[in-house]
Every structure is written in C-alpha cells, then in structure tokens.
Amino acid sequence: MSARELPYREAIREAIQIEMQRDPDVFIMGEDIGSYGGIYKVTKGLYEEFGPERVMDTPISEAGFVGAAIGAAMVGKRPIVELMFMDFSLVAADQILNQAGKQRFMSGDDFRVPMTIRTQQGAGGGVGAQHGQSLEALFMHIPGFAIALPSTAADAKGLMATAIRMDDPTMFIEHKTLYAEKDPVPEGEYLIPFGKAAIRTEGSDITLISYSASMLPTLKAAELLKTNHGINAEVIDLRTIVPVDWATLTASVMKTGHGIVIHEAHRRGGVGAEIAAELTQRTWGTLAAPIARIGGLDIPIPFSPSLEAVWHIQPEDIVNTALRTLKK
Amino acid sequence: MSLSTQQLEEAYAEMLRIRGFEERAQELYAKLHFKGSTHLGIGQEAVAVGTRLGLQDGDLVAPTYRGHAYALAWGMTSFSLFAELLGREAGSNHGRGGSKHMGSAELGVIPGNAIVAANLPIACGTALRAKMDGDDEVTVVVFGDGATNQAAFHEAMNLAAVWDLPVIFLCENNLYSEMTPIKDAVKVDELSIRASAYGMPGVRVDGMSVGAVADVVSQAAARARSGQGPTFIEAMTYRYCGHMPGDLCDYRTREEEAEWKSRDAIEACETLLIAAGKTPAETAAIRAQVEADLNTAEAEALASPLPDPSTINRGAAAWMETSR
Ligand SMILES: Cc1ncc(C[n+]2csc(CCOP(=O)(O)OP(=O)(O)O)c2C)c(N)n1
Ligand SMILES: [Mg+2]
C-alpha cells in the first residue's frame with residue numbers, strides 16, 4: 001500500500017470520506033461541521049461532496065443530536081457524531097452512558113448502536129478549564145463504548161475507519177494539538193483493529209505506556225533516557241483504551257520488569273490506575289518495582305501560561321519517574 | 001424609564017470603554033500577548049450597558065464566554081480585566097480563568113461560562129437564594145440565541161417560572177450561533193415567544209438602543225422584585241467581529257454587516273447627547289478620556305507579573321494534589 005504524508009486532521013477526513021463513499025448509511029452530524037467544515041476543519045469538503053442530508057449541521061443541542069444518532073443507529077444507520085469539544089460530552093452524558101452503551105445488552109441483542117462519537121480534547125494554548133479536559137476515563141469506566149485515542153495520522157485513519165464499521169458504539173477521541181502533525185498515511189481503504197497496541201520503540205529496561213498527544217513527551221523522554229542515561233525504554237502506544245491490548249503490555253513489562261503509564265488526563269482515577277493495577281496482577285513476580293503513573297495535576301486546567309506549563313507533563317517528569325522506578 | 005442626560009453620558013462612556021477594551025483585546029490576541037481564544041461582542045455593547053442601567057447596585061449578572069462587556073458594566077476595572085485576559089496574577093480571576101470566565105464575587109459577577117447555557121440553571125440558584133432569604137436582589141443571566149436550543153435553557157426557564165424566581169433571562173440574539181445562522185437552528189421567527197410555553201412574559205427589544213434595553217430590564221426587575229417571577233428578554237443585536245479570532249465571517253454578507261453598523265448604538269447615543277445639548281467637543285473629550293484610561297490600564301496590565309508557578313494551588317481544594 002502506498003503512503004503519503006498527511007496531517008492528522010486530513011487522515012481522519014479521508015477515513016470518513018471513504019466510508020461515506022462505501023456505505024450510504026454512514027452520515028455525520030455536529031455543530032458547524034457543514035459548509036464551515038468544523039471548528040478544527042476535520043470535515044472540510046465533506047458537505048460539498050455529500051450534501052446537507054449526510055453532513056448535517058445541528059443546533060447546539062448535544063443531548064438531542066447524540067440521542068437522535070443513537071435512535072438512527074438502532075434502526076440501521078451508521079451515524080458519526082462530532083462533539084466539538086470533549087467537555088461538551090457531559091451535556092450529552094445521559095445519552096452516551098445510560099442509552100448508547102446499554103441498548104444492545106438490555107435488548108437481549110435485538111438492537112445495536114453502530115454509532116461513532118468523534119470529539120477532540122486536550123489542554124494547551126490557553127483553552128482553560130472547560131475546553132481542554134481529557135475525559136476518557138469517565139467513558140472507560142462504564143461498559144458500552146470502545147474508545148480510541150490515536151496519536152498519529154496513520155492510526156487516526158485506520159482506527160476511524162474501523163470505528164465506523166464496528167457494530168457497537170465507539171468513541172474516537174482526537175487531540176487538538178495533533179491536528180497539524182503529519183506522517184505517512186496509507187492510501188485507500190485502511191483499517192487498524194481496536195485492541196492492538198503499537199510498539200513505537202523497542203527496549204529492555206523499562207516500559208513506557210501512553211497514547212494520544214502524551215506520546216510526544218513519552219517518545220522524547222525515551223530519547224533522553226537513552227542518550228543521557230543509557231537506559232533503553234520500550235515505548236508502547238495503546239491506541240485504544242477499550243479494549244486494552246493486555247498481551248502486548250504484559251509481554252513487555254515481563255521483559256523489562258518496570259513500567260510507567262503516562263497520560264495527560266488527571267492521574268487520580270485515570271486510565272493509568274486501571275492499567276497499572278491490572279498489569280501488576282498479570283506480571284506479579286516479574287516486577288522489579290511498582291508500576292508508576294504520570295498524569296495531569298489534580299486541579300482544573302489553569303488558563304495562565306505560567307501555570308498551564310506546570311500543569312503539562314514534561315519529558316523530564318517522565319525521565320525522573322523512570323530513574324526513580326529504576327532506582328538510578 | 002427614559003434616560004437622563006447624565007445617564008446617557010455615562011452609558012456613552014461605558015459603551016466606549018467596552019468597545020475600546022475589546023478592540024484592544026483583539027489586537028493583543030493578534031500580537032500573541034495571550035492564547036486560547038477570546039469572544040468579543042463589538043457592536044453588542046448597548047445590551048450590557050442598558051441592562052446594568054435597568055438594574056440596581058447589588059443585582060447579579062451571570063454572563064457567557066462573551067462576557068467582557070458585563071464584567072465592565074458591573075464595575076470591573078479595565079486593568080483587572082486586561083490582566084485576566086493576559087493571564088496575570090492581578091487579573092480578576094488571578095489568571096486562572098482567562099477571557100471566558102471573568103468573574104468577581106465582590107461585584108456580583110458570576111464567572112462567565114464556556115459551556116453554552118450552563119449559567120441558566122446556576123442563575124436560578126442565585127435567584128433562589130435571594131428569594132429564600134427575602135432579599136431584594138435580582139439575577140440577570142445572559143446567553144445567545146443558540147443557547148435556547150440547549151436542554152439546560154428549557155429546564156431553567158421552567159424552574160424559574162414555577163418557583164417565581166427573581167431572575168431575568170436575557171438573550172442576546174445576534175442572529176448566529178458561531179457560524180450557523182439562526183434560521184438553521186430554530187423554527188420560530190421570534191425567540192421571545194418561547195417564553196409563553198413556560199408561563200412567563202417574553203419581550204423583544206432593540207438591542208442597539210441602550211435606553212430601550214434599560215427600559216425592559218427595569219420592568220422585568222420590578223416584576224422580579226415584587227415576587228412575580230422571571231421574564232425573558234430577547235435583545236436584537238449584532239456582533240461586528242467574528243465569533244472568535246480567525247473567523248472571517250464568510251457565512252454572512254457585507255451588506256448585512258453594514259446595515260447593522262449603520263444603527264450603531266454608540267453613534268446613536270452620541271446623536272442623543274448632541275440633541276440634548278452636548279457639543280461635539282464635549283463628546284470628543286469623553287472619547288479621549290476613555291482612550292487614555294484604557295491605554296494606561298493596558299500598559300499596566302502588560303507590565304504586571306504572571307502567576308508564580310509555586311502558587312498553582314491557589315483556588316484548589318485542600319485534597320487536590322498540585323505536585324507530581
Ligand atoms: C454545550 C456547548 N456546546 C457547544 C459549544 C461551542 N460553542 C461556543 S459558543 C457557541 C455558539 C453559541 O451561540 P449563541 O448562543 O447564539 O451565542 P453567541 O456566541 O452568538 O453570543 C458554540 C456552539 C459550547 N461552548 N458549549
Ligand atoms: Mg448568537
């Protein structure tokens with residue numbers, strides 16, 4: 001398969017476009033996604049290609065249109081819903097958590113909800129306390145949704161296509177600071193399965209586990225560990241947090257004996273807590289140190305640049321935790 | 001309530017201050033003095049200033065992310081607003097909130113809210129407090145035309161009506177929610193008719209007239225203070241600028257913009273002042289004074305320090321962990 005460089009936002013768009021061409025039941029809706037092309041321009045051009053019936057602008061009614069997508073999905077459509085910011089998912093939380101995720105099971109498998117919620121999250125650039133939260137742990141906790149958080153353009157394309165084709169509700173969480181990041185993206189139909197992590201760097205001393213935009217400081221930390229300390233870190237990109245690729249994680253941690261989970265979301269009650277606890281059970285006996293977690297501070301995201309900088313995870317934070325874990 | 005010349009003059013200066021502040025905010029953003037986003041209401045000043053004029057000291061306001069005008073109209077200094085915009089420690093929220101969340105307990109400004117319609121239920125709560133304690137205080141909650149499509153809007157309207165709360169629902173209908181024209185978002189021609197569904201009066205007012213706004217707000221406030229409950233006000237207005245920086249307004253026509261600008265509230269106020277006997281030299285002096293004050297406030301804010309990173313736990317609850 002040939003590949004060319006594409007930014008993350010265009011890779012997502014390409015997956016949606018291909019799926020909409022393949023399957024007339026796929027449609028997308030959200031706020032300002034039509035002729036405007038979306039606040040982050042992910043849907044640019046789709047309105048022109050597919051028209052207002054399949055690229056629908058909605059009023060500012062998240063509970064209403066997420067619910068409508070669920071209903072349409074239960075009777076044969078494959079809606080994609082854009083929530084402009086992850087923070088607004090909470091306005092639609094009942095539809096997402098009490099409704100979408102339960103229909104299949106509650107109905108004894110009579111109804112399925114092949115809906116994809118697309119949204120973006122993440123702090124950075126002064127977006128503040130209500131436009132920059134990373135909320136994936138909330139949706140991971142309640143059974144119902146498969147959840148992807150791609151860190152590269154190629155993954156974004158492959159996981160988006162898979163999400164649209166899945167028969168269960170999926171949440172596809174983009175990161176606002178990644179939209180312009182480019183990397184080689186395969187042309188044409190391209191699918192990446194959920195539940196398959198990617199080993200980005202091989203190493204034998206410690207396993208660094210991350211996803212989404214936190215992959216950037218994590219990869220940087222791995223470089224620093226190598227050049228400054230001679231430590232070989234294995235870096236794993238989870239790609240999906242539901243389901244988790246336990247096989248890859250377990251094999252890596254059994255090899256290195258050390259692990260750190262890194263994510264921008266708050267550490268308390270976060271994805272890292274789940275991964276660390278589960279991995280500890282699965283690798284007990286081979287672990288040389290407790291699995292550590294690094295996350296966003298346990299406070300709302302501050303606006304001021306001097307405080308936002310403290311809030312963000314820096315590669316040095318990861319390096320320091322790695323050295324502590326390795327008792328160096 | 002017809003405005004005295006004195007009130008008109010104050011309204012004129014206040015609208016100039018708000019517009020001047022926001023024009024400077026636009027420039028500060030363009031020059032990368034702060035990041036994030038900022039939502040300006042250039043053109044909408046008469047709604048905020050008229051609303052404040054129709055109320056009393058001690059009344060509360062709960063604005064949106066487009067809230068600079070209300071913070072200023074409620075007495076916030078230009079310096080503390082500039083400083084907040086720039087994320088400085090001396091800002092109204094000590095740099096923790098930023099453009100979208102300006103607030104002040106002392107001045108009765110509930111922090112601006114970046115979740116559309118989220119301040120409506122909160123305003124029901126501040127009004128409930130006044131009612132419970134037998135206080136004469138009114139809360140005005142501000143939101144846009146697009147916010148009337150949120151569940152929280154409908155729930156709050158009903159709560160306020162059924163509990164006879166002293167709250168005023170002030171809708172700034174600027175014809176767009178972000179880039180979406182109102183006709184694509186609602187089926188009715190007038191939002192004010194929605195009020196009848198909840199059993200409260202709904203009025204539409206010319207939001208480009210500071211006097212007209214003051215008038216309907218003072219009537220709504222009188223109603224609220226006498227225990228008769230909420231009113232819904234739809235103020236017709238227009239933002240001359242984009243929804244946010246970088247918005248080129250290609251979803252609307254230049255003719256429509258020119259038509260609204262021809263009814264500019266500040267110009268109209270100046271015309272009234274001249275008719276009331278002020279000379280052009282006197283109005284020019286007011287303009288010059290406002291500009292000079294804003295320049296000083298802006299320069300002082302730019303020179304004031306960012307929060308010290310070691311103070312990151314300011315405003316954090318005791319159990320929150322602010323270290324790694
Ligand atoms: C719940 C929620 N959905 C979407 C948004 C994104 N958003 C911010 S402002 C805005 C438009 C609001 O329009 P309107 O209520 O008319 O107010 P205006 O901005 O025109 O003053 C939207 C969609 C948000 N902040 N909160
Ligand atoms: Mg509007």
# chains A, B, ... in the order shown; residues from 1 in each chain; ligands from 1

call {"tool": "residues_around", "arguments": {"residues": "region 100-110 of chain A", "least_positions_apart": "3", "cutoff": "9 Å", "atoms": "only C-alpha atoms", "output": "short mmCIF file (atom, residue, chain, number, x, y, z; two decimals) with C-alpha atoms, in the first residue's frame"}}
result
data_model
loop_
_atom_site.label_atom_id
_atom_site.label_comp_id
_atom_site.auth_asym_id
_atom_site.auth_seq_id
_atom_site.Cartn_x
_atom_site.Cartn_y
_atom_site.Cartn_z
CA VAL A 66 -26.47 12.35 20.22
CA GLY A 67 -29.79 10.78 21.14
CA ILE A 70 -28.46 6.54 18.75
CA GLY A 71 -32.02 6.13 17.50
CA MET A 74 -30.64 1.32 16.33
CA ASP A 94 -27.11 10.50 29.74
CA GLN A 95 -27.46 9.62 26.07
CA ILE A 96 -23.89 8.38 25.90
CA LEU A 97 -23.69 6.38 29.10
CA VAL A 113 -25.83 1.04 18.15
CA MET A 115 -22.56 4.99 16.20
CA ILE A 142 -18.93 2.46 32.11
CA PRO A 143 -19.32 -0.64 29.92
CA GLY A 144 -20.56 0.27 26.47
CA PHE A 145 -18.11 2.11 24.30
CA ASP A 168 -21.10 -1.18 18.73
CA PRO A 169 -20.78 2.41 19.88
#

call {"tool": "interface_residues", "arguments": {"of": "chain B", "to": "chain A", "cutoff": "8 Å", "atoms": "only C-alpha atoms", "output": "PyMOL selection string"}}
result
chain B and resi 34-37+86-88+95-98+114-116+146-147+149-151+178-180+184-186+251+306-309+312-313+316+320-324

call {"tool": "write_last_selection", "arguments": {"atoms": "N, CA, C and O atoms", "output": "short mmCIF file (atom, residue, chain, number, x, y, z; two decimals), in the first residue's frame"}}
result
data_model
loop_
_atom_site.label_atom_id
_atom_site.label_comp_id
_atom_site.auth_asym_id
_atom_site.auth_seq_id
_atom_site.Cartn_x
_atom_site.Cartn_y
_atom_site.Cartn_z
N PHE B 34 -1.61 36.87 24.31
CA PHE B 34 -2.26 35.79 25.07
C PHE B 34 -2.79 34.77 24.08
O PHE B 34 -2.91 35.03 22.89
N LYS B 35 -3.09 33.57 24.59
CA LYS B 35 -3.54 32.49 23.71
C LYS B 35 -4.91 31.98 24.15
O LYS B 35 -5.56 32.57 24.98
N GLY B 36 -5.30 30.89 23.57
CA GLY B 36 -6.62 30.35 23.86
C GLY B 36 -7.57 30.89 22.83
O GLY B 36 -7.40 30.71 21.65
N SER B 37 -8.55 31.61 23.28
CA SER B 37 -9.45 32.26 22.36
C SER B 37 -10.05 33.44 23.09
O SER B 37 -9.84 33.61 24.28
N LEU B 86 -4.67 38.55 29.96
CA LEU B 86 -3.26 38.25 29.73
C LEU B 86 -2.74 37.17 30.69
O LEU B 86 -1.55 36.86 30.69
N GLY B 87 -3.63 36.63 31.51
CA GLY B 87 -3.23 35.56 32.42
C GLY B 87 -2.36 36.03 33.57
O GLY B 87 -1.53 35.27 34.08
N ARG B 88 -2.54 37.27 34.01
CA ARG B 88 -1.67 37.81 35.06
C ARG B 88 -2.27 37.58 36.46
O ARG B 88 -3.48 37.50 36.62
N GLY B 95 -5.64 35.08 36.86
CA GLY B 95 -5.07 34.36 35.71
C GLY B 95 -5.54 32.92 35.60
O GLY B 95 -5.15 32.22 34.68
N ARG B 96 -6.37 32.49 36.52
CA ARG B 96 -6.81 31.08 36.49
C ARG B 96 -7.92 30.85 35.47
O ARG B 96 -8.12 29.73 35.00
N GLY B 97 -8.67 31.90 35.18
CA GLY B 97 -9.85 31.72 34.33
C GLY B 97 -9.63 32.12 32.88
O GLY B 97 -9.87 31.34 31.96
N GLY B 98 -9.17 33.35 32.66
CA GLY B 98 -9.00 33.84 31.30
C GLY B 98 -10.26 34.47 30.74
O GLY B 98 -11.26 34.62 31.45
N ALA B 114 -18.18 28.79 29.77
CA ALA B 114 -17.80 28.36 28.42
C ALA B 114 -18.61 27.17 27.95
O ALA B 114 -18.37 26.64 26.87
N ILE B 115 -19.57 26.75 28.76
CA ILE B 115 -20.49 25.70 28.32
C ILE B 115 -21.81 26.40 28.01
O ILE B 115 -22.42 26.99 28.91
N VAL B 116 -22.22 26.33 26.76
CA VAL B 116 -23.40 27.07 26.32
C VAL B 116 -24.60 26.71 27.20
O VAL B 116 -24.91 25.53 27.38
N GLY B 146 -28.38 30.88 20.19
CA GLY B 146 -28.13 29.44 20.03
C GLY B 146 -28.35 28.67 21.32
O GLY B 146 -28.71 27.49 21.30
N ALA B 147 -28.14 29.34 22.44
CA ALA B 147 -28.27 28.68 23.74
C ALA B 147 -29.70 28.24 24.02
O ALA B 147 -29.94 27.38 24.87
N ASN B 149 -31.42 26.43 22.44
CA ASN B 149 -31.65 25.06 21.97
C ASN B 149 -31.03 24.01 22.87
O ASN B 149 -31.04 22.82 22.55
N GLN B 150 -30.50 24.44 23.99
CA GLN B 150 -29.92 23.52 24.96
C GLN B 150 -30.98 23.08 25.96
O GLN B 150 -31.82 23.88 26.38
N ALA B 151 -30.87 21.84 26.40
CA ALA B 151 -31.78 21.34 27.43
C ALA B 151 -31.74 22.23 28.67
O ALA B 151 -32.78 22.52 29.27
N GLU B 178 -22.14 30.75 16.61
CA GLU B 178 -20.89 30.58 15.86
C GLU B 178 -21.16 30.95 14.41
O GLU B 178 -21.47 32.09 14.12
N MET B 179 -21.07 29.97 13.51
CA MET B 179 -21.22 30.27 12.09
C MET B 179 -22.59 29.91 11.56
O MET B 179 -22.88 30.07 10.39
N THR B 180 -23.43 29.36 12.43
CA THR B 180 -24.74 28.88 11.99
C THR B 180 -25.79 29.98 12.11
O THR B 180 -26.01 30.50 13.20
N ASP B 184 -31.27 28.27 10.59
CA ASP B 184 -30.93 26.84 10.51
C ASP B 184 -31.00 26.16 11.88
O ASP B 184 -30.83 24.95 11.97
N ALA B 185 -31.22 26.95 12.90
CA ALA B 185 -31.18 26.37 14.25
C ALA B 185 -32.53 26.40 14.98
O ALA B 185 -32.74 25.60 15.89
N VAL B 186 -33.40 27.31 14.60
CA VAL B 186 -34.73 27.35 15.23
C VAL B 186 -35.80 27.60 14.18
O VAL B 186 -35.55 28.24 13.17
N TYR B 251 -19.85 33.40 6.33
CA TYR B 251 -21.20 32.84 6.36
C TYR B 251 -22.27 33.94 6.40
O TYR B 251 -23.43 33.66 6.58
N LEU B 306 3.07 37.47 35.70
CA LEU B 306 2.31 36.21 35.59
C LEU B 306 2.26 35.57 36.98
O LEU B 306 3.11 35.87 37.82
N PRO B 307 1.32 34.66 37.21
CA PRO B 307 1.31 33.97 38.49
C PRO B 307 2.62 33.19 38.68
O PRO B 307 3.16 32.63 37.73
N ASP B 308 3.10 33.18 39.91
CA ASP B 308 4.28 32.39 40.24
C ASP B 308 3.85 30.91 40.20
O ASP B 308 2.87 30.54 40.84
N PRO B 309 4.57 30.08 39.43
CA PRO B 309 4.17 28.67 39.33
C PRO B 309 3.99 27.99 40.69
O PRO B 309 3.18 27.07 40.82
N ILE B 312 0.39 27.51 42.23
CA ILE B 312 -0.60 26.81 41.41
C ILE B 312 -1.78 26.29 42.22
O ILE B 312 -2.87 26.13 41.71
N ASN B 313 -1.58 26.06 43.51
CA ASN B 313 -2.69 25.54 44.31
C ASN B 313 -3.65 26.61 44.81
O ASN B 313 -4.60 26.31 45.53
N ALA B 316 -7.33 25.77 44.73
CA ALA B 316 -7.53 24.31 44.73
C ALA B 316 -8.06 23.89 46.10
O ALA B 316 -7.63 24.42 47.12
N MET B 320 -6.83 18.41 46.76
CA MET B 320 -6.32 18.31 45.40
C MET B 320 -4.79 18.28 45.41
O MET B 320 -4.16 19.03 46.14
N GLU B 321 -4.22 17.42 44.58
CA GLU B 321 -2.77 17.29 44.55
C GLU B 321 -2.20 18.17 43.45
O GLU B 321 -2.54 18.01 42.29
N THR B 322 -1.34 19.08 43.86
CA THR B 322 -0.81 20.01 42.87
C THR B 322 0.68 19.78 42.63
O THR B 322 1.39 20.66 42.21
N SER B 323 1.13 18.57 42.94
CA SER B 323 2.51 18.24 42.58
C SER B 323 2.54 16.88 41.92
O SER B 323 1.60 16.11 42.04
N ARG B 324 3.63 16.58 41.23
CA ARG B 324 3.73 15.30 40.52
C ARG B 324 4.48 14.27 41.34
O ARG B 324 5.36 14.61 42.06
#

call {"tool": "residues_around", "arguments": {"residues": "Glu234 (chain B)", "least_positions_apart": "2", "cutoff": "6 Å", "atoms": "only C-alpha atoms", "output": "list of chain:residue names"}}
result
B:Cys171, B:Ser192, B:Arg204

call {"tool": "write_last_selection", "arguments": {"atoms": "N, CA, C and O atoms", "output": "PDB file, in the first residue's frame"}}
result
ATOM      1  N   CYS B 171     -31.533  37.210  26.492  1.00  0.00           N
ATOM      2  CA  CYS B 171     -30.987  36.554  25.306  1.00  0.00           C
ATOM      3  C   CYS B 171     -30.441  37.610  24.349  1.00  0.00           C
ATOM      4  O   CYS B 171     -31.172  38.490  23.905  1.00  0.00           O
ATOM      5  N   SER B 192     -38.626  35.233  21.583  1.00  0.00           N
ATOM      6  CA  SER B 192     -39.375  35.672  22.773  1.00  0.00           C
ATOM      7  C   SER B 192     -40.676  34.893  22.946  1.00  0.00           C
ATOM      8  O   SER B 192     -41.148  34.744  24.073  1.00  0.00           O
ATOM      9  N   ARG B 204     -39.378  41.282  23.081  1.00  0.00           N
ATOM     10  CA  ARG B 204     -38.264  41.518  22.166  1.00  0.00           C
ATOM     11  C   ARG B 204     -37.951  43.005  22.218  1.00  0.00           C
ATOM     12  O   ARG B 204     -38.859  43.838  22.282  1.00  0.00           O
TER      13      ARG B 204
END

call {"tool": "closest_residue", "arguments": {"among": "B:Asn295, B:Thr5, B:Ser177, B:Gln228", "to": "ligand 2", "atoms": "only C-alpha atoms and all ligand atoms"}}
result
B:Ser177

call {"tool": "closest_residue", "arguments": {"among": "B:Asn93, B:Ser2, B:Thr237, B:Ser209", "to": "ligand 2", "atoms": "only C-alpha atoms and all ligand atoms"}}
result
B:Thr237

call {"tool": "residues_around", "arguments": {"residues": "Thr51 (chain B)", "least_positions_apart": "2", "cutoff": "7 Å", "atoms": "only C-alpha atoms", "output": "JSON, numbers by chain"}}
result
{"B": [47, 48, 49, 53, 54, 55, 213, 214, 217]}

call {"tool": "write_last_selection", "arguments": {"atoms": "N, CA and C atoms", "output": "mmCIF file, in the first residue's frame"}}
result
data_model
loop_
_atom_site.group_PDB
_atom_site.id
_atom_site.type_symbol
_atom_site.label_atom_id
_atom_site.label_comp_id
_atom_site.auth_asym_id
_atom_site.auth_seq_id
_atom_site.Cartn_x
_atom_site.Cartn_y
_atom_site.Cartn_z
ATOM 1 N N VAL B 47 -26.490 46.295 24.913
ATOM 2 C CA VAL B 47 -27.269 45.317 25.681
ATOM 3 C C VAL B 47 -26.733 45.256 27.111
ATOM 4 N N ALA B 48 -25.421 45.156 27.246
ATOM 5 C CA ALA B 48 -24.827 45.067 28.583
ATOM 6 C C ALA B 48 -25.047 46.360 29.368
ATOM 7 N N VAL B 49 -24.778 47.475 28.711
ATOM 8 C CA VAL B 49 -24.848 48.754 29.426
ATOM 9 C C VAL B 49 -26.301 49.103 29.762
ATOM 10 N N LEU B 53 -28.038 49.538 33.527
ATOM 11 C CA LEU B 53 -28.801 50.752 33.848
ATOM 12 C C LEU B 53 -30.201 50.426 34.362
ATOM 13 N N GLY B 54 -30.761 49.341 33.891
ATOM 14 C CA GLY B 54 -32.115 48.970 34.313
ATOM 15 C C GLY B 54 -32.143 48.262 35.657
ATOM 16 N N LEU B 55 -30.973 48.007 36.231
ATOM 17 C CA LEU B 55 -30.902 47.258 37.495
ATOM 18 C C LEU B 55 -30.379 48.139 38.627
ATOM 19 N N VAL B 213 -33.255 48.989 26.027
ATOM 20 C CA VAL B 213 -32.857 47.826 26.834
ATOM 21 C C VAL B 213 -33.059 48.131 28.319
ATOM 22 N N ALA B 214 -32.608 49.321 28.737
ATOM 23 C CA ALA B 214 -32.747 49.703 30.151
ATOM 24 C C ALA B 214 -34.216 49.650 30.575
ATOM 25 N N VAL B 217 -35.522 46.007 30.893
ATOM 26 C CA VAL B 217 -34.864 45.335 32.022
ATOM 27 C C VAL B 217 -35.412 45.878 33.338
#

call {"tool": "residues_near_ligand", "arguments": {"ligand": "ligand 2", "cutoff": "6 Å", "atoms": "only C-alpha atoms and all ligand atoms", "output": "list of chain:residue names"}}
result
B:Gly144, B:Asp145, B:Gly146, B:Asn173, B:Asn174, B:Leu175, B:Tyr176, B:Ser177

call {"tool": "closest_residue", "arguments": {"among": "B:Ala62, B:Val138, B:Ile182, B:Val162", "to": "ligand 1", "atoms": "only C-alpha atoms and all ligand atoms"}}
result
B:Ile182

call {"tool": "residues_around", "arguments": {"residues": "region 174-183 of chain A", "least_positions_apart": "4", "cutoff": "9 Å", "atoms": "only C-alpha atoms", "output": "short mmCIF file (atom, residue, chain, number, x, y, z; two decimals) with N, CA and C atoms, in the first residue's frame"}}
result
data_model
loop_
_atom_site.label_atom_id
_atom_site.label_comp_id
_atom_site.auth_asym_id
_atom_site.auth_seq_id
_atom_site.Cartn_x
_atom_site.Cartn_y
_atom_site.Cartn_z
N ARG A 4 1.43 8.53 1.72
CA ARG A 4 1.99 9.87 1.57
C ARG A 4 1.78 10.61 2.88
N GLU A 5 2.51 11.69 3.03
CA GLU A 5 2.40 12.47 4.26
C GLU A 5 1.05 13.18 4.31
N LEU A 6 0.37 13.03 5.39
CA LEU A 6 -0.90 13.74 5.57
C LEU A 6 -0.96 14.22 7.01
N PRO A 7 -1.54 15.41 7.23
CA PRO A 7 -1.78 15.79 8.61
C PRO A 7 -2.92 14.96 9.21
N TYR A 8 -2.84 14.81 10.50
CA TYR A 8 -3.83 14.06 11.31
C TYR A 8 -5.26 14.41 10.92
N ARG A 9 -5.56 15.73 10.82
CA ARG A 9 -6.96 16.09 10.53
C ARG A 9 -7.38 15.56 9.17
N GLU A 10 -6.47 15.58 8.20
CA GLU A 10 -6.85 15.13 6.86
C GLU A 10 -6.95 13.61 6.79
N TYR A 40 -12.27 22.67 13.78
CA TYR A 40 -10.88 22.26 13.51
C TYR A 40 -10.73 21.74 12.07
N VAL A 42 -11.93 19.41 10.33
CA VAL A 42 -11.80 17.98 10.02
C VAL A 42 -12.76 17.58 8.91
N ARG A 118 -17.21 11.28 17.51
CA ARG A 118 -15.89 11.87 17.26
C ARG A 118 -15.79 13.13 18.08
N THR A 119 -14.70 13.29 18.78
CA THR A 119 -14.53 14.53 19.52
C THR A 119 -13.04 14.80 19.66
N GLN A 120 -12.71 15.97 20.20
CA GLN A 120 -11.29 16.26 20.43
C GLN A 120 -11.16 16.79 21.83
N GLN A 121 -10.00 16.55 22.42
CA GLN A 121 -9.78 17.00 23.78
C GLN A 121 -8.36 17.50 23.94
N GLY A 122 -8.02 17.84 25.16
CA GLY A 122 -6.64 18.19 25.46
C GLY A 122 -6.44 19.65 25.80
N ALA A 123 -5.52 19.87 26.72
CA ALA A 123 -5.16 21.22 27.13
C ALA A 123 -4.08 21.74 26.19
N GLY A 124 -3.79 23.02 26.35
CA GLY A 124 -2.73 23.61 25.54
C GLY A 124 -3.21 24.90 24.93
N GLY A 125 -2.32 25.88 24.91
CA GLY A 125 -2.66 27.13 24.26
C GLY A 125 -3.78 27.89 24.94
N GLY A 132 -10.52 22.04 27.70
CA GLY A 132 -9.28 21.31 27.49
C GLY A 132 -9.17 20.01 28.26
N ALA A 148 -11.00 4.87 21.17
CA ALA A 148 -9.70 5.04 20.51
C ALA A 148 -9.16 6.44 20.75
N LEU A 149 -7.85 6.53 20.95
CA LEU A 149 -7.18 7.83 21.11
C LEU A 149 -5.90 7.82 20.28
N PRO A 150 -6.02 8.01 18.97
CA PRO A 150 -4.86 7.87 18.10
C PRO A 150 -3.83 8.98 18.33
N SER A 151 -2.56 8.61 18.14
CA SER A 151 -1.51 9.62 18.28
C SER A 151 -0.87 9.99 16.96
N THR A 152 -1.12 9.22 15.91
CA THR A 152 -0.50 9.53 14.62
C THR A 152 -1.60 9.63 13.55
N ALA A 153 -1.23 10.25 12.44
CA ALA A 153 -2.20 10.42 11.35
C ALA A 153 -2.62 9.06 10.78
N ALA A 154 -1.65 8.17 10.62
CA ALA A 154 -1.98 6.86 10.04
C ALA A 154 -2.93 6.09 10.96
N ALA A 156 -4.92 7.40 13.07
CA ALA A 156 -6.21 8.09 13.08
C ALA A 156 -7.06 7.60 11.92
N SER A 212 -2.36 8.97 22.58
CA SER A 212 -2.74 10.33 22.17
C SER A 212 -1.53 11.28 22.24
N ALA A 213 -1.79 12.55 22.53
CA ALA A 213 -0.70 13.53 22.46
C ALA A 213 0.38 13.30 23.50
#

call {"tool": "select_by_dssp", "arguments": {"residues": "region 52-281 of chain A", "states": "helix (DSSP H, G or I)", "output": "MDAnalysis selection string"}}
result
chainID A and resid 62:74 86:100 103:106 136:141 153:165 212:229 246:256 271:281
